[in-house]
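Below is one structure; the comments refer to it alone.
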Amino acid sequence: MTRRNHARTLGAVALSALMMYMTQKGAAQDATKMVQDNQIAAVLQQVSAQRIQEDIAKLVNFGTRLTLSAQDADSIAKGRGIGAAREWIKSEFERYSKDCGGCLEVKTDSFTERPVERIPTATEITNVYAVLKGTDPVQSKRIVLVTGHYDSRNSDTLDVKGDAPGGNDDGSGTAVSLECARVLSKMKFPGTVIFLTVAGEEQGLNGSRHFAKMAKEQGWELEAVLNNDIVGGDKSAEQDHSVIRVFSEGLPAAASEQEVKRIRGLGGESDSGSRQLARYVAEVGRTYDAGVKPMMVFRLDRYLRGGDHYSFNQQGFAAVRFTEYREDFHHQHQNVRTESGVEYGDLPKFVDYDYVAHVARLNAATLASLAAAPGPPANVHILTKDLENDSTLTWDAAPGAASYEVVWRATTSPEWEHEQNFGNETRATVKLSKDNVIFGVRVVDAAGHRSLVVVPTPER
Ligand SMILES: [Zn+2]
């Protein structure tokens with residue numbers, strides 16, 4: 001590249017940063033895009049708002065799904081309480097599995113939580129999940145996961161008797177996990193997909209914490225966690241039904257002191273695994289027409305709030321949170337009632353089922369893209385032995401790779417802006433200074449599926 005071209009490239013980087021600054025919500029103007037997989041596009045059409053409506057109605061009809069509510073045989077038979085909800089979710093996964101010739105393995109992760117704040121007596125908590133095992137012996141070790149919490153609450157987190165409909169929080173997220181399982185079980189992927197619903201979220205993320213620890217202890221290659229919590233698109237006047245927020249942590253919760261030091265030194269604050277996952281979701285949103293645009297929010301979660309993605313972040317896994325654009329706090333964590341003309345409570349009539357279906361499509365497209373793609377490259381390094389204005393990156397050959405792509409962006413840009421394919425080389429030199437941009441590497445398979453991006457660590 002000539003000096004002049006070089007200057008032009010840097011000019012283009014600055015221009016695209018400006019354009020992105022000017023684009024407030026949704027996709028950036030100049031950002032990388034994937035190749036659409038027609039099979040994935042077709043399966044997204046099978047996501048049904050009607051199904052989602054039925055699933056949420058069913059969940060609400062259990063009266064309360066408070067983690068502390070009844071789960072004995074009698075309450076299950078009567079269809080009230082968290083035990084009945086759990087059994088129904090299990091039976092739904094089993095039904096989907098029957099429809100695909102037993103392709104799903106339906107499992108539970110049960111444990112007894114000792115008394116802690118918000119759990120007055122020892123309580124059994126059960127996560128329910130379905131595994132769509134990958135078809136490739138090597139790739140199937142890689143796992144991508146979608147989750148929502150099926151427990152609910154009203155104004156009092158200890159009220160075991162009163163109604164807690166939880167239509168939006170988090171009937172909507174539970175319905176996303178179920179609907180993703182129903183449609184994706186009709187496909188086959190080299191990688192493994194897990195469809196999870198957890199309990200205990202409202203008591204203190206107890207279910208997801210147990211599950212994430214299990215994944216860590218058992219050495220799962222868990223690449224991505226999509227947490228859907230409050231994705232109902234509450235029909236309040238100021239709702240934006242075209243946008244879904246995607247929250248991701250910056251500084252990783254699990255980063256060691258040494259890693260934090262490197263992040264501080266090299267400007268890696270916006271390059272956690274979770275943020276690469278958020279960028280991947282944004283790119284999927286540009287590639288497939290899900291009906292809703294992801295809006296990345298560069299923070300762990302909303303003010304004063306938390307969610308199950310954090311349990312996974314704490315164990316070092318990349319995890320993001322999907323939440324509707326504008327929440328109506330009258331419709332969350334509230335007893336069902338009307339006061340001074342204001343309706344309180346998390347009733348299904350406030351949920352926009354088309355919106356939930358759009359969010360489910362975005363989730364399904366992300367899970368499918370990741371499960372179809374090769375795993376991210378390992379040992380990605382940028383050479384820093386000499387002071388020079390070119391940048392040389394190296395990485396290990398990855399199973400399933402047809403080629404490798406180096407991506408980069410201005411240090412001030414939220415998204416990957418440029419890509420260059422280097423065939424099946426595992427070393428690349430780009431005529432740009434590593435001091436001026438942020439680089440990443442991803443793996444591409446023969447059909448064009450992209451892996452998650454890995455940002456290089458310096459190597460002398
Ligand atoms: Zn929630």
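By order of appearance in the structure tokens: chains A, B, ..., then residues from 1 within every chain, and ligands from 1 in the order shown.
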Proximity check stretch 24-127 of chain A to stretch 160-166 of chain A, 12 Å, nearest pairs one decimal Å, only C-alpha atoms, as a Markdown table:
| residue | atom | partner | partner_atom | distance |
| --- | --- | --- | --- | --- |
| A:Ile56 | CA | A:Gly166 | CA | 8.7 |
| A:Ala57 | CA | A:Pro165 | CA | 9.2 |
| A:Lys58 | CA | A:Pro165 | CA | 10.2 |
| A:Leu59 | CA | A:Pro165 | CA | 7.7 |
| A:Val60 | CA | A:Pro165 | CA | 4.7 |
| A:Asn61 | CA | A:Pro165 | CA | 7.5 |
| A:Phe62 | CA | A:Pro165 | CA | 7.9 |
| A:Gly63 | CA | A:Asp163 | CA | 5.2 |
| A:Thr64 | CA | A:Ala164 | CA | 4.6 |
| A:Arg65 | CA | A:Ala164 | CA | 6.7 |
| A:Leu66 | CA | A:Val160 | CA | 6.4 |
| A:Thr67 | CA | A:Val160 | CA | 8.3 |
| A:Leu68 | CA | A:Val160 | CA | 5.9 |
| A:Ser69 | CA | A:Val160 | CA | 4.7 |
| A:Ala70 | CA | A:Val160 | CA | 7.7 |
| A:Gln71 | CA | A:Val160 | CA | 11.1 |
| A:Ser75 | CA | A:Lys161 | CA | 11.9 |
| A:Arg80 | CA | A:Lys161 | CA | 9.8 |
| A:Gly81 | CA | A:Val160 | CA | 8.6 |
| A:Ile82 | CA | A:Val160 | CA | 10.0 |
| A:Ala85 | CA | A:Pro165 | CA | 11.7 |
| A:Arg118 | CA | A:Val160 | CA | 11.6 |
| A:Ile119 | CA | A:Val160 | CA | 11.1 |
| A:Pro120 | CA | A:Val160 | CA | 11.4 |
List as a tab-separated table (two decimals) with N, CA, C and O atoms, in the first residue's frame the protein and nucleic acid residues lying within 6 Å of ligand 1, with only C-alpha atoms and all ligand atoms counted.
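The new file pocket.tsv reads:
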chain	number	residue	atom	x	y	z
A	169	ASP	N	-41.88	-10.21	32.52
A	169	ASP	CA	-40.71	-10.51	33.36
A	169	ASP	C	-40.94	-11.83	34.11
A	169	ASP	O	-41.46	-11.81	35.20
A	170	ASP	N	-40.57	-12.96	33.61
A	170	ASP	CA	-39.87	-13.06	32.37
A	170	ASP	C	-40.52	-14.17	31.53
A	170	ASP	O	-39.84	-15.02	30.99
A	229	ASP	N	-34.46	-11.12	29.15
A	229	ASP	CA	-35.18	-10.78	30.37
A	229	ASP	C	-35.92	-9.46	30.13
A	229	ASP	O	-35.28	-8.43	29.95
A	230	ILE	N	-37.26	-9.54	30.14
A	230	ILE	CA	-38.12	-8.39	29.82
A	230	ILE	C	-37.94	-8.01	28.34
A	230	ILE	O	-37.44	-6.95	28.00
Within 12 Å of A:Val176 using only C-alpha atoms, minus same-chain residues under 5 positions, as a ChimeraX atom specification
/A:47-49,51-53,55-56,145-150,168,170-171,181-184,195-197,226-232,322,353-364
With distances taken over only C-alpha atoms, which of A:Phe317, A:Ile263, A:Ser270, A:Gly134 is nearest to A:Ala215?
A:Phe317
Give me the stretch 343-438 of chain A side of the contact with stretch 328-338 of chain A, cut-off 10 Å, one line per residue showing its nearest atom pair and distance in Å at one decimal, counting only C-alpha atoms, sorted by chain and residue number, as JSON lines.
{"residue": "A:Glu343", "atom": "CA", "partner": "A:Thr338", "partner_atom": "CA", "distance": 4.5}
{"residue": "A:Tyr344", "atom": "CA", "partner": "A:His330", "partner_atom": "CA", "distance": 5.0}
{"residue": "A:Gly345", "atom": "CA", "partner": "A:Val336", "partner_atom": "CA", "distance": 4.2}
{"residue": "A:Asp346", "atom": "CA", "partner": "A:His331", "partner_atom": "CA", "distance": 4.5}
{"residue": "A:Leu347", "atom": "CA", "partner": "A:His331", "partner_atom": "CA", "distance": 7.2}
{"residue": "A:Pro348", "atom": "CA", "partner": "A:His331", "partner_atom": "CA", "distance": 9.9}
{"residue": "A:Phe350", "atom": "CA", "partner": "A:His331", "partner_atom": "CA", "distance": 8.1}
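Using only C-alpha atoms for every distance, the candidate list A:Lys107, A:Lys90, A:Lys133, A:Arg142 yields A:Arg142 as the residue closest to A:Pro399.
Residue nearest A:Ser172 within the list A:Leu266, A:Val225, A:Ile194, A:Val351: A:Val351 [criterion: smallest interatomic distance, only C-alpha atoms].
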Can you check which residues of stretch 311-357 of chain A DSSP gives as helix (DSSP H, G or I) on the backbone and send them as a PDB file with N, CA, C and O atoms, in the first residue's frame?
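The resulting selection_28.pdb:
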ATOM      1  N   SER A 311     -24.281 -13.907  36.107  1.00  0.00           N
ATOM      2  CA  SER A 311     -23.804 -15.184  36.679  1.00  0.00           C
ATOM      3  C   SER A 311     -22.783 -15.839  35.753  1.00  0.00           C
ATOM      4  O   SER A 311     -21.793 -16.413  36.211  1.00  0.00           O
ATOM      5  N   PHE A 312     -23.046 -15.752  34.442  1.00  0.00           N
ATOM      6  CA  PHE A 312     -22.135 -16.356  33.468  1.00  0.00           C
ATOM      7  C   PHE A 312     -20.861 -15.506  33.327  1.00  0.00           C
ATOM      8  O   PHE A 312     -19.759 -16.051  33.227  1.00  0.00           O
ATOM      9  N   ASN A 313     -21.019 -14.178  33.337  1.00  0.00           N
ATOM     10  CA  ASN A 313     -19.856 -13.283  33.287  1.00  0.00           C
ATOM     11  C   ASN A 313     -18.906 -13.579  34.450  1.00  0.00           C
ATOM     12  O   ASN A 313     -17.686 -13.579  34.283  1.00  0.00           O
ATOM     13  N   GLN A 314     -19.487 -13.820  35.625  1.00  0.00           N
ATOM     14  CA  GLN A 314     -18.654 -14.076  36.811  1.00  0.00           C
ATOM     15  C   GLN A 314     -17.792 -15.326  36.662  1.00  0.00           C
ATOM     16  O   GLN A 314     -16.736 -15.428  37.272  1.00  0.00           O
ATOM     17  N   PHE A 329     -42.317   0.520  34.535  1.00  0.00           N
ATOM     18  CA  PHE A 329     -42.076  -0.021  35.881  1.00  0.00           C
ATOM     19  C   PHE A 329     -43.369  -0.260  36.678  1.00  0.00           C
ATOM     20  O   PHE A 329     -43.337  -0.903  37.716  1.00  0.00           O
ATOM     21  N   HIS A 330     -44.497   0.235  36.153  1.00  0.00           N
ATOM     22  CA  HIS A 330     -45.786  -0.125  36.768  1.00  0.00           C
ATOM     23  C   HIS A 330     -46.126  -1.591  36.504  1.00  0.00           C
ATOM     24  O   HIS A 330     -46.967  -2.164  37.172  1.00  0.00           O
ATOM     25  N   HIS A 331     -45.489  -2.136  35.489  1.00  0.00           N
ATOM     26  CA  HIS A 331     -45.843  -3.487  35.060  1.00  0.00           C
ATOM     27  C   HIS A 331     -44.794  -4.521  35.449  1.00  0.00           C
ATOM     28  O   HIS A 331     -44.766  -5.614  34.890  1.00  0.00           O
ATOM     29  N   PRO A 348     -50.316 -10.167  30.787  1.00  0.00           N
ATOM     30  CA  PRO A 348     -50.000 -10.460  29.378  1.00  0.00           C
ATOM     31  C   PRO A 348     -50.582  -9.436  28.405  1.00  0.00           C
ATOM     32  O   PRO A 348     -50.050  -9.266  27.315  1.00  0.00           O
ATOM     33  N   LYS A 349     -51.621  -8.732  28.800  1.00  0.00           N
ATOM     34  CA  LYS A 349     -52.216  -7.769  27.852  1.00  0.00           C
ATOM     35  C   LYS A 349     -51.278  -6.604  27.512  1.00  0.00           C
ATOM     36  O   LYS A 349     -51.491  -5.907  26.519  1.00  0.00           O
ATOM     37  N   PHE A 350     -50.233  -6.420  28.317  1.00  0.00           N
ATOM     38  CA  PHE A 350     -49.263  -5.361  28.015  1.00  0.00           C
ATOM     39  C   PHE A 350     -48.150  -5.833  27.072  1.00  0.00           C
ATOM     40  O   PHE A 350     -47.319  -5.047  26.631  1.00  0.00           O
ATOM     41  N   TYR A 353     -46.751  -9.409  21.304  1.00  0.00           N
ATOM     42  CA  TYR A 353     -46.259 -10.744  20.904  1.00  0.00           C
ATOM     43  C   TYR A 353     -45.459 -10.713  19.599  1.00  0.00           C
ATOM     44  O   TYR A 353     -44.545 -11.523  19.420  1.00  0.00           O
ATOM     45  N   ASP A 354     -45.808  -9.778  18.716  1.00  0.00           N
ATOM     46  CA  ASP A 354     -45.013  -9.654  17.479  1.00  0.00           C
ATOM     47  C   ASP A 354     -43.585  -9.236  17.822  1.00  0.00           C
ATOM     48  O   ASP A 354     -42.629  -9.718  17.225  1.00  0.00           O
ATOM     49  N   TYR A 355     -43.477  -8.345  18.791  1.00  0.00           N
ATOM     50  CA  TYR A 355     -42.147  -7.878  19.219  1.00  0.00           C
ATOM     51  C   TYR A 355     -41.335  -9.040  19.797  1.00  0.00           C
ATOM     52  O   TYR A 355     -40.164  -9.227  19.447  1.00  0.00           O
ATOM     53  N   VAL A 356     -41.968  -9.832  20.677  1.00  0.00           N
ATOM     54  CA  VAL A 356     -41.258 -10.982  21.263  1.00  0.00           C
ATOM     55  C   VAL A 356     -40.813 -11.938  20.153  1.00  0.00           C
ATOM     56  O   VAL A 356     -39.697 -12.472  20.194  1.00  0.00           O
ATOM     57  N   ALA A 357     -41.663 -12.104  19.149  1.00  0.00           N
ATOM     58  CA  ALA A 357     -41.307 -12.989  18.019  1.00  0.00           C
ATOM     59  C   ALA A 357     -40.096 -12.430  17.271  1.00  0.00           C
ATOM     60  O   ALA A 357     -39.204 -13.192  16.866  1.00  0.00           O
TER      61      ALA A 357
END
With a distance cut-off of 12 Å and only C-alpha atoms, select the neighbouring residues of A:Arg262, excluding the residue or stretch itself and same-chain residues fewer than 4 positions from it, and output the selection as JSON, numbers by chain.
{"A": [251, 255, 256, 257, 258, 266, 267, 268, 269, 271, 456, 457, 458]}
I'd like the contact shell of A:Gly306 - 10 Å cut-off, only C-alpha atoms, skipping same-chain residues fewer than 2 positions apart - returned as a tab-separated table (two decimals) with all heavy atoms, in the first residue's frame.
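Final output, selection-v2.tsv:
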chain	number	residue	atom	x	y	z
A	201	GLU	N	-34.18	-16.27	39.77
A	201	GLU	CA	-33.62	-14.98	39.34
A	201	GLU	C	-34.05	-13.88	40.30
A	201	GLU	O	-33.23	-13.08	40.75
A	201	GLU	CB	-34.05	-14.65	37.90
A	201	GLU	CG	-33.21	-13.57	37.22
A	201	GLU	CD	-33.65	-12.14	37.49
A	201	GLU	OE1	-34.76	-11.93	38.04
A	201	GLU	OE2	-32.90	-11.21	37.18
A	202	GLU	N	-35.34	-13.86	40.60
A	202	GLU	CA	-35.89	-12.77	41.42
A	202	GLU	C	-35.45	-12.85	42.89
A	202	GLU	O	-35.55	-11.88	43.63
A	202	GLU	CB	-37.43	-12.76	41.34
A	202	GLU	CG	-37.99	-12.60	39.93
A	202	GLU	CD	-37.76	-11.23	39.31
A	202	GLU	OE1	-37.02	-10.41	39.90
A	202	GLU	OE2	-38.33	-10.98	38.23
A	204	GLY	N	-32.29	-13.68	43.66
A	204	GLY	CA	-30.87	-13.33	43.68
A	204	GLY	C	-30.03	-14.12	42.69
A	204	GLY	O	-28.89	-14.49	43.00
A	205	LEU	N	-30.55	-14.37	41.50
A	205	LEU	CA	-29.84	-15.05	40.41
A	205	LEU	C	-29.38	-16.45	40.80
A	205	LEU	O	-28.40	-16.97	40.25
A	205	LEU	CB	-28.60	-14.22	39.95
A	205	LEU	CG	-28.78	-12.73	39.70
A	205	LEU	CD1	-27.45	-12.10	39.24
A	205	LEU	CD2	-29.87	-12.43	38.68
A	229	ASP	N	-34.46	-11.12	29.15
A	229	ASP	CA	-35.18	-10.78	30.37
A	229	ASP	C	-35.92	-9.46	30.13
A	229	ASP	O	-35.28	-8.43	29.95
A	229	ASP	CB	-34.18	-10.67	31.54
A	229	ASP	CG	-34.86	-10.73	32.89
A	229	ASP	OD1	-36.10	-10.68	32.93
A	229	ASP	OD2	-34.13	-10.83	33.91
A	300	LEU	N	-22.97	-3.21	31.76
A	300	LEU	CA	-23.38	-4.55	32.19
A	300	LEU	C	-24.90	-4.70	32.19
A	300	LEU	O	-25.45	-5.70	31.75
A	300	LEU	CB	-22.82	-4.82	33.60
A	300	LEU	CG	-23.29	-6.10	34.29
A	300	LEU	CD1	-22.86	-7.35	33.52
A	300	LEU	CD2	-22.75	-6.14	35.72
A	301	ASP	N	-25.58	-3.68	32.73
A	301	ASP	CA	-27.05	-3.79	32.88
A	301	ASP	C	-27.59	-2.38	33.13
A	301	ASP	O	-26.83	-1.41	33.19
A	301	ASP	CB	-27.38	-4.72	34.04
A	301	ASP	CG	-28.70	-5.46	33.81
A	301	ASP	OD1	-29.65	-4.85	33.30
A	301	ASP	OD2	-28.78	-6.66	34.17
A	302	ARG	N	-28.89	-2.28	33.33
A	302	ARG	CA	-29.51	-0.99	33.62
A	302	ARG	C	-29.18	-0.58	35.06
A	302	ARG	O	-28.82	-1.43	35.88
A	302	ARG	CB	-31.03	-1.06	33.44
A	302	ARG	CG	-31.45	-1.47	32.05
A	302	ARG	CD	-31.83	-2.94	31.99
A	302	ARG	NE	-33.10	-3.21	32.63
A	302	ARG	CZ	-33.31	-4.16	33.53
A	302	ARG	NH1	-32.32	-4.96	33.90
A	302	ARG	NH2	-34.49	-4.34	34.05
A	303	TYR	N	-29.36	0.71	35.37
A	303	TYR	CA	-29.12	1.20	36.73
A	303	TYR	C	-29.98	0.42	37.73
A	303	TYR	O	-31.15	0.17	37.49
A	303	TYR	CB	-29.49	2.70	36.83
A	303	TYR	CG	-28.41	3.62	36.34
A	303	TYR	CD1	-28.27	3.91	34.99
A	303	TYR	CD2	-27.50	4.19	37.23
A	303	TYR	CE1	-27.27	4.75	34.53
A	303	TYR	CE2	-26.49	5.05	36.79
A	303	TYR	CZ	-26.39	5.32	35.44
A	303	TYR	OH	-25.39	6.15	34.99
A	304	LEU	N	-29.39	0.05	38.83
A	304	LEU	CA	-30.07	-0.61	39.97
A	304	LEU	C	-30.60	-2.00	39.64
A	304	LEU	O	-31.35	-2.57	40.41
A	304	LEU	CB	-31.25	0.23	40.49
A	304	LEU	CG	-30.97	1.66	40.93
A	304	LEU	CD1	-32.28	2.38	41.25
A	304	LEU	CD2	-30.07	1.68	42.16
A	308	ASP	N	-29.39	-12.62	34.82
A	308	ASP	CA	-28.70	-13.91	34.79
A	308	ASP	C	-27.42	-13.92	33.95
A	308	ASP	O	-26.56	-14.77	34.17
A	308	ASP	CB	-29.66	-14.99	34.27
A	308	ASP	CG	-30.79	-15.27	35.25
A	308	ASP	OD1	-30.50	-15.36	36.46
A	308	ASP	OD2	-31.95	-15.39	34.81
A	309	HIS	N	-27.29	-13.00	33.00
A	309	HIS	CA	-26.05	-12.97	32.21
A	309	HIS	C	-24.84	-12.73	33.12
A	309	HIS	O	-23.75	-13.23	32.86
A	309	HIS	CB	-26.10	-11.90	31.11
A	309	HIS	CG	-26.39	-10.51	31.59
A	309	HIS	ND1	-27.45	-10.23	32.41
A	309	HIS	CD2	-25.75	-9.33	31.38
A	309	HIS	CE1	-27.45	-8.93	32.67
A	309	HIS	NE2	-26.42	-8.37	32.08
A	310	TYR	N	-25.08	-11.98	34.22
A	310	TYR	CA	-23.97	-11.68	35.14
A	310	TYR	C	-23.41	-12.94	35.80
A	310	TYR	O	-22.19	-13.05	36.01
A	310	TYR	CB	-24.45	-10.68	36.21
A	310	TYR	CG	-23.34	-10.21	37.12
A	310	TYR	CD1	-22.19	-9.62	36.60
A	310	TYR	CD2	-23.44	-10.38	38.50
A	310	TYR	CE1	-21.16	-9.22	37.44
A	310	TYR	CE2	-22.41	-9.96	39.34
A	310	TYR	CZ	-21.28	-9.38	38.81
A	310	TYR	OH	-20.26	-8.98	39.63
A	311	SER	N	-24.28	-13.91	36.11
A	311	SER	CA	-23.80	-15.18	36.68
A	311	SER	C	-22.78	-15.84	35.75
A	311	SER	O	-21.79	-16.41	36.21
A	311	SER	CB	-24.98	-16.15	36.88
A	311	SER	OG	-25.87	-15.65	37.85
A	321	ARG	N	-27.28	-9.37	27.67
A	321	ARG	CA	-28.68	-9.29	28.08
A	321	ARG	C	-29.51	-8.54	27.03
A	321	ARG	O	-29.16	-7.43	26.66
A	321	ARG	CB	-28.79	-8.54	29.41
A	321	ARG	CG	-30.22	-8.32	29.82
A	321	ARG	CD	-30.41	-7.37	31.00
A	321	ARG	NE	-31.82	-7.36	31.33
A	321	ARG	CZ	-32.32	-7.61	32.54
A	321	ARG	NH1	-31.52	-7.82	33.55
A	321	ARG	NH2	-33.63	-7.62	32.73
Just want the 9 Å neighbourhood of A:Gly191, counted on only C-alpha atoms, with same-chain residues fewer than 4 positions away dropped. Output as a compact mmCIF listing (two decimals) with N, CA and C atoms, in the first residue's frame.
# COMPACT_ATOMS: atom_id res chain seq x y z
N LEU A 132 -29.47 -29.46 22.11
CA LEU A 132 -29.43 -29.88 20.71
C LEU A 132 -27.97 -30.14 20.39
N LYS A 133 -27.59 -31.41 20.50
CA LYS A 133 -26.18 -31.79 20.38
C LYS A 133 -25.67 -31.55 18.96
N GLY A 134 -24.48 -30.99 18.85
CA GLY A 134 -23.87 -30.75 17.54
C GLY A 134 -23.56 -32.04 16.81
N THR A 135 -23.51 -31.98 15.47
CA THR A 135 -23.33 -33.18 14.66
C THR A 135 -21.86 -33.51 14.41
N ASP A 136 -20.98 -32.54 14.67
CA ASP A 136 -19.56 -32.75 14.39
C ASP A 136 -18.84 -33.15 15.68
N PRO A 137 -18.06 -34.26 15.63
CA PRO A 137 -17.43 -34.74 16.88
C PRO A 137 -16.53 -33.69 17.56
N VAL A 138 -15.86 -32.86 16.78
CA VAL A 138 -14.99 -31.83 17.38
C VAL A 138 -15.79 -30.59 17.74
N GLN A 139 -16.56 -30.09 16.76
CA GLN A 139 -17.31 -28.84 16.96
C GLN A 139 -18.40 -28.95 18.02
N SER A 140 -18.92 -30.16 18.23
CA SER A 140 -20.05 -30.32 19.17
C SER A 140 -19.65 -30.02 20.61
N LYS A 141 -18.35 -29.95 20.89
CA LYS A 141 -17.91 -29.57 22.25
C LYS A 141 -18.19 -28.09 22.50
N ARG A 142 -18.28 -27.33 21.44
CA ARG A 142 -18.60 -25.90 21.56
C ARG A 142 -20.09 -25.72 21.80
N ILE A 143 -20.42 -24.83 22.75
CA ILE A 143 -21.83 -24.66 23.14
C ILE A 143 -22.22 -23.18 23.04
N VAL A 144 -23.40 -22.93 22.47
CA VAL A 144 -24.02 -21.61 22.57
C VAL A 144 -25.36 -21.80 23.28
N LEU A 370 -23.78 -18.93 15.10
CA LEU A 370 -22.63 -19.36 15.91
C LEU A 370 -22.45 -20.88 15.88
N ALA A 371 -23.57 -21.61 15.96
CA ALA A 371 -23.48 -23.08 15.99
C ALA A 371 -23.07 -23.64 14.63
N ALA A 372 -23.38 -22.89 13.56
CA ALA A 372 -22.99 -23.32 12.21
C ALA A 372 -21.52 -23.00 11.92
N ALA A 373 -21.02 -21.94 12.57
CA ALA A 373 -19.68 -21.45 12.28
C ALA A 373 -18.61 -22.26 13.01
N PRO A 374 -17.35 -22.14 12.57
CA PRO A 374 -16.26 -22.72 13.35
C PRO A 374 -16.08 -21.95 14.67
N GLY A 375 -15.34 -22.53 15.58
CA GLY A 375 -15.04 -21.85 16.84
C GLY A 375 -14.10 -20.68 16.59
Spatial neighbours of A:Thr32, 8 Å, only C-alpha atoms, chain gap at least 5 places, as number ranges by chain:
A: 283, 415-419
